[in-house]
$ cat protein.cif   # mmCIF, C-alpha atoms
data_target
loop_
_atom_site.group_PDB
_atom_site.id
_atom_site.type_symbol
_atom_site.label_atom_id
_atom_site.label_comp_id
_atom_site.auth_asym_id
_atom_site.auth_seq_id
_atom_site.Cartn_x
_atom_site.Cartn_y
_atom_site.Cartn_z
ATOM 1 C CA MET A 1 111.993 87.737 126.224
ATOM 2 C CA LYS A 2 111.049 90.105 129.039
ATOM 3 C CA ASN A 3 110.387 93.797 128.514
ATOM 4 C CA SER A 4 113.505 94.874 130.440
ATOM 5 C CA GLU A 5 115.719 92.574 128.348
ATOM 6 C CA PHE A 6 114.266 94.095 125.175
ATOM 7 C CA VAL A 7 115.024 97.630 126.444
ATOM 8 C CA LYS A 8 118.631 96.598 127.238
ATOM 9 C CA LEU A 9 118.945 95.146 123.738
ATOM 10 C CA LEU A 10 117.711 98.414 122.172
ATOM 11 C CA LYS A 11 120.247 100.448 124.185
ATOM 12 C CA ASN A 12 123.097 98.420 122.678
ATOM 13 C CA LYS A 13 125.067 100.701 120.268
ATOM 14 C CA HIS A 14 125.649 97.880 117.774
ATOM 15 C CA ILE A 15 121.934 97.099 117.555
ATOM 16 C CA GLN A 16 121.159 100.820 117.095
ATOM 17 C CA LEU A 17 123.735 101.062 114.306
ATOM 18 C CA LEU A 18 122.285 98.001 112.560
ATOM 19 C CA GLY A 19 118.801 99.513 112.854
ATOM 20 C CA VAL A 20 119.912 102.808 111.300
ATOM 21 C CA ILE A 21 121.706 100.974 108.468
ATOM 22 C CA PHE A 22 118.590 98.890 107.835
ATOM 23 C CA ILE A 23 116.363 102.006 107.704
ATOM 24 C CA ILE A 24 118.756 103.833 105.344
ATOM 25 C CA GLY A 25 118.902 100.752 103.113
ATOM 26 C CA ALA A 26 115.104 100.546 102.975
ATOM 27 C CA ILE A 27 114.870 104.249 102.082
ATOM 28 C CA LEU A 28 117.457 103.891 99.310
ATOM 29 C CA MET A 29 115.696 100.831 97.902
ATOM 30 C CA THR A 30 112.357 102.630 97.709
ATOM 31 C CA ALA A 31 113.936 105.791 96.286
ATOM 32 C CA PHE A 32 115.862 104.012 93.528
ATOM 33 C CA GLY A 33 113.244 101.303 93.014
ATOM 34 C CA ASN A 34 110.809 103.884 91.524
ATOM 35 C CA GLU A 35 113.436 105.562 89.285
ATOM 36 C CA GLY A 36 112.093 104.040 86.067
ATOM 37 C CA ALA A 37 108.455 104.840 86.880
ATOM 38 C CA ASN A 38 108.568 108.378 85.500
ATOM 39 C CA LYS A 39 110.550 107.644 82.337
ATOM 40 C CA PRO A 40 108.480 107.019 79.221
ATOM 41 C CA LYS A 41 109.172 103.901 77.199
ATOM 42 C CA LYS A 42 111.091 104.406 73.960
ATOM 43 C CA ASP A 43 108.538 102.325 72.021
ATOM 44 C CA ASP A 44 105.748 104.676 73.132
ATOM 45 C CA GLU A 45 107.707 107.764 72.019
ATOM 46 C CA VAL A 46 108.454 106.355 68.573
ATOM 47 C CA HIS A 47 104.851 105.238 68.174
ATOM 48 C CA THR A 48 103.522 108.688 69.147
ATOM 49 C CA ASN A 49 105.880 110.541 66.799
ATOM 50 C CA ALA A 50 105.050 108.182 63.937
ATOM 51 C CA ASN A 51 101.349 108.654 64.653
ATOM 52 C CA ASP A 52 101.737 112.435 64.464
ATOM 53 C CA GLU A 53 103.462 112.134 61.096
ATOM 54 C CA GLU A 54 100.855 109.720 59.728
ATOM 55 C CA ARG A 55 97.926 111.855 60.878
ATOM 56 C CA LEU A 56 99.459 115.032 59.455
ATOM 57 C CA ALA A 57 100.236 113.311 56.133
ATOM 58 C CA ALA A 58 96.647 112.040 55.914
ATOM 59 C CA ILE A 59 95.226 115.521 56.479
ATOM 60 C CA LEU A 60 97.666 117.275 54.141
ATOM 61 C CA SER A 61 96.895 114.783 51.354
ATOM 62 C CA GLN A 62 93.280 116.009 51.507
ATOM 63 C CA ILE A 63 94.323 119.542 50.495
ATOM 64 C CA ASP A 64 93.190 120.208 46.920
ATOM 65 C CA GLY A 65 96.055 119.454 44.538
ATOM 66 C CA ALA A 66 98.474 118.085 47.187
ATOM 67 C CA GLY A 67 98.136 114.441 46.141
ATOM 68 C CA ASP A 68 100.120 111.792 48.040
ATOM 69 C CA VAL A 69 102.056 113.316 50.971
ATOM 70 C CA ASP A 70 104.861 112.075 53.196
ATOM 71 C CA VAL A 71 105.815 113.923 56.405
ATOM 72 C CA MET A 72 108.835 113.829 58.717
ATOM 73 C CA ILE A 73 108.843 115.780 61.997
ATOM 74 C CA THR A 74 112.002 116.292 64.062
ATOM 75 C CA TYR A 75 112.019 117.336 67.713
ATOM 76 C CA TYR A 76 114.516 118.993 70.060
ATOM 77 C CA SER A 77 113.831 116.440 72.795
ATOM 78 C CA THR A 78 111.413 113.708 73.802
ATOM 79 C CA ALA A 79 108.086 114.004 75.610
ATOM 80 C CA GLU A 80 108.282 114.213 79.400
ATOM 81 C CA LYS A 81 105.772 113.128 81.995
ATOM 82 C CA ASP A 82 105.606 114.458 85.550
ATOM 83 C CA ILE A 83 104.484 111.709 87.894
ATOM 84 C CA ALA A 84 102.504 112.299 91.108
ATOM 85 C CA TYR A 85 104.447 111.261 94.206
ATOM 86 C CA GLU A 86 103.314 110.614 97.752
ATOM 87 C CA THR A 87 105.924 111.655 100.318
ATOM 88 C CA LYS A 88 105.960 110.466 103.912
ATOM 89 C CA THR A 89 108.361 111.847 106.511
ATOM 90 C CA ASN A 90 109.738 109.341 109.004
ATOM 91 C CA SER A 91 111.449 110.287 112.272
ATOM 92 C CA VAL A 92 114.073 107.979 113.723
ATOM 93 C CA GLY A 93 114.899 108.585 117.415
ATOM 94 C CA ARG A 94 118.517 108.707 118.540
ATOM 95 C CA ASP A 95 120.256 109.633 121.784
ATOM 96 C CA GLU A 96 121.436 113.045 120.495
ATOM 97 C CA GLY A 97 118.238 113.999 118.654
ATOM 98 C CA ASN A 98 115.881 113.012 115.873
ATOM 99 C CA GLU A 99 116.800 112.115 112.341
ATOM 100 C CA GLU A 100 114.214 112.595 109.595
ATOM 101 C CA SER A 101 113.952 110.703 106.331
ATOM 102 C CA GLU A 102 111.529 110.859 103.449
ATOM 103 C CA ASP A 103 109.792 107.953 101.761
ATOM 104 C CA LYS A 104 108.776 108.911 98.210
ATOM 105 C CA ARG A 105 106.492 106.640 96.160
ATOM 106 C CA ALA A 106 104.691 107.129 92.869
ATOM 107 C CA VAL A 107 100.900 107.375 93.105
ATOM 108 C CA MET A 108 99.485 104.498 91.080
ATOM 109 C CA THR A 109 96.193 104.402 89.168
ATOM 110 C CA GLY A 110 95.682 100.804 88.244
ATOM 111 C CA ASN A 111 99.070 99.510 87.092
ATOM 112 C CA GLN A 112 100.298 102.870 85.770
ATOM 113 C CA PRO A 113 101.772 105.824 87.660
ATOM 114 C CA MET A 114 99.466 108.857 87.800
ATOM 115 C CA VAL A 115 100.608 111.542 85.345
ATOM 116 C CA VAL A 116 100.190 115.084 86.678
ATOM 117 C CA LYS A 117 101.518 116.896 83.621
ATOM 118 C CA GLU A 118 102.773 115.845 80.210
ATOM 119 C CA THR A 119 105.121 118.127 78.296
ATOM 120 C CA TYR A 120 105.314 117.575 74.572
ATOM 121 C CA PRO A 121 108.606 118.176 72.778
ATOM 122 C CA GLU A 122 109.274 121.320 70.779
ATOM 123 C CA VAL A 123 109.258 120.797 67.018
ATOM 124 C CA LYS A 124 112.633 121.397 65.398
ATOM 125 C CA GLY A 125 111.536 121.167 61.789
ATOM 126 C CA VAL A 126 109.229 119.520 59.272
ATOM 127 C CA ILE A 127 109.944 118.046 55.838
ATOM 128 C CA ILE A 128 107.062 117.399 53.492
ATOM 129 C CA ALA A 129 107.122 115.624 50.145
ATOM 130 C CA ALA A 130 103.906 116.136 48.180
ATOM 131 C CA GLN A 131 103.004 115.213 44.602
ATOM 132 C CA GLY A 132 101.451 118.622 43.964
ATOM 133 C CA ALA A 133 104.231 120.690 45.557
ATOM 134 C CA ASP A 134 105.261 122.086 42.153
ATOM 135 C CA LYS A 135 102.211 124.401 42.387
ATOM 136 C CA ALA A 136 102.699 127.544 44.514
ATOM 137 C CA TYR A 137 99.152 127.537 45.943
ATOM 138 C CA VAL A 138 99.615 123.929 47.171
ATOM 139 C CA ARG A 139 102.939 124.792 48.849
ATOM 140 C CA GLN A 140 101.294 127.825 50.484
ATOM 141 C CA ALA A 141 98.288 125.837 51.749
ATOM 142 C CA VAL A 142 100.484 122.998 53.071
ATOM 143 C CA SER A 143 102.838 125.477 54.771
ATOM 144 C CA GLU A 144 99.956 127.315 56.465
ATOM 145 C CA ALA A 145 98.411 124.060 57.656
ATOM 146 C CA VAL A 146 101.683 122.766 59.132
ATOM 147 C CA THR A 147 102.608 126.042 60.839
ATOM 148 C CA ALA A 148 99.122 126.238 62.361
ATOM 149 C CA VAL A 149 98.911 122.690 63.675
ATOM 150 C CA LEU A 150 102.510 122.335 64.944
ATOM 151 C CA ASP A 151 103.064 125.969 66.014
ATOM 152 C CA VAL A 152 106.357 126.052 64.124
ATOM 153 C CA PRO A 153 107.621 129.040 62.092
ATOM 154 C CA ALA A 154 107.363 128.788 58.301
ATOM 155 C CA HIS A 155 111.156 128.888 57.867
ATOM 156 C CA ARG A 156 111.344 125.500 59.631
ATOM 157 C CA VAL A 157 108.963 123.849 57.160
ATOM 158 C CA CYS A 158 110.444 122.505 53.922
ATOM 159 C CA ILE A 159 108.071 121.402 51.159
ATOM 160 C CA TYR A 160 109.307 119.482 48.127
ATOM 161 C CA LYS A 161 107.746 117.887 45.085
ATOM 162 C CA LYS A 162 107.450 114.163 45.554
ATOM 163 C CA GLU A 163 109.148 111.959 42.988
ATOM 164 C CA GLU A 164 106.622 110.056 40.896
#
$ encode --input "protein.cif" --output "structure tokens"
Amino acid sequence: MKNSEFVKLLKNKHIQLLGVIFIIGAILMTAFGNEGANKPKKDDEVHTNANDEERLAAILSQIDGAGDVDVMITYYSTAEKDIAYETKTNSVGRDEGNEESEDKRAVMTGNQPMVVKETYPEVKGVIIAAQGADKAYVRQAVSEAVTAVLDVPAHRVCIYKKEE
């Protein structure tokens, strides 16, 4: 195909319309193709919350007189991760002017998206069952430990004697 024939083909309104539709489709596919990249997996959230409970229970059980301890932590929401994005601006020439579009892609490190900031959920409340919770000094020590580590007010921490 000669250069002049190619120019005539590009001036065809139908070809221009198809080109614009193709570009918009490609932009939409890249925009919605990365939608799930910044959402944490539910299995990871459950594992992290369970880990927090297990670690706290292990530490609280080491308090003198506490004995065996079980912990349950409730949250207002789930953890959120802000993903780094690379944005490129594309200009598409038209007869009446230029049209700009953005191509947004997650920055990858290895096979994972790069996390810029991770926001942990706010603790709603804590329930603790401890064998030694019938003693006031144990309840006080457990309460102080939980309020310090989770930055939650004491009125949101419930401590009960564990059934033997």
$ residues_near_point --input "protein.cif" --point "(96.7, 115.2, 46.8)" --cutoff "10 Å" --atoms "all atoms listed in the file" --output "MDAnalysis selection string"
chainID A and resid 58:69 130:133 138
$ residues_around --input "protein.cif" --residues "region 70-86 of chain A" --least-positions-apart "3" --cutoff "7 Å" --atoms "only C-alpha atoms" --output "ChimeraX atom specification"
/A:38,53,57,104-107,113-130
$ atom_distance --input "protein.cif" --atom1 "CA of Tyr160 (chain A)" --atom2 "CA of Arg139 (chain A)"
8.3 Å
$ resolve_selection --input "protein.cif" --expression "the PyMOL selection byres ((chain A and resi 144) around 12)" --output "ChimeraX atom specification"
/A:60,63,137-143,145-159
$ write_last_selection --input "protein.cif" --atoms "C-alpha atoms" --output "PDB file, in the frame of the given file"
ATOM      1  CA  LEU A  60      97.666 117.275  54.141  1.00  0.00           C
ATOM      2  CA  ILE A  63      94.323 119.542  50.495  1.00  0.00           C
ATOM      3  CA  TYR A 137      99.152 127.537  45.943  1.00  0.00           C
ATOM      4  CA  VAL A 138      99.615 123.929  47.171  1.00  0.00           C
ATOM      5  CA  ARG A 139     102.939 124.792  48.849  1.00  0.00           C
ATOM      6  CA  GLN A 140     101.294 127.825  50.484  1.00  0.00           C
ATOM      7  CA  ALA A 141      98.288 125.837  51.749  1.00  0.00           C
ATOM      8  CA  VAL A 142     100.484 122.998  53.071  1.00  0.00           C
ATOM      9  CA  SER A 143     102.838 125.477  54.771  1.00  0.00           C
ATOM     10  CA  ALA A 145      98.411 124.060  57.656  1.00  0.00           C
ATOM     11  CA  VAL A 146     101.683 122.766  59.132  1.00  0.00           C
ATOM     12  CA  THR A 147     102.608 126.042  60.839  1.00  0.00           C
ATOM     13  CA  ALA A 148      99.122 126.238  62.361  1.00  0.00           C
ATOM     14  CA  VAL A 149      98.911 122.690  63.675  1.00  0.00           C
ATOM     15  CA  LEU A 150     102.510 122.335  64.944  1.00  0.00           C
ATOM     16  CA  ASP A 151     103.064 125.969  66.014  1.00  0.00           C
ATOM     17  CA  VAL A 152     106.357 126.052  64.124  1.00  0.00           C
ATOM     18  CA  PRO A 153     107.621 129.040  62.092  1.00  0.00           C
ATOM     19  CA  ALA A 154     107.363 128.788  58.301  1.00  0.00           C
ATOM     20  CA  HIS A 155     111.156 128.888  57.867  1.00  0.00           C
ATOM     21  CA  ARG A 156     111.344 125.500  59.631  1.00  0.00           C
ATOM     22  CA  VAL A 157     108.963 123.849  57.160  1.00  0.00           C
ATOM     23  CA  CYS A 158     110.444 122.505  53.922  1.00  0.00           C
ATOM     24  CA  ILE A 159     108.071 121.402  51.159  1.00  0.00           C
TER      25      ILE A 159
END
$ atom_distance --input "protein.cif" --atom1 "CA of Thr89 (chain A)" --atom2 "CA of Ser101 (chain A)"
5.7 Å
$ atom_distance --input "protein.cif" --atom1 "CA of Val20 (chain A)" --atom2 "CA of Asp103 (chain A)"
14.8 Å
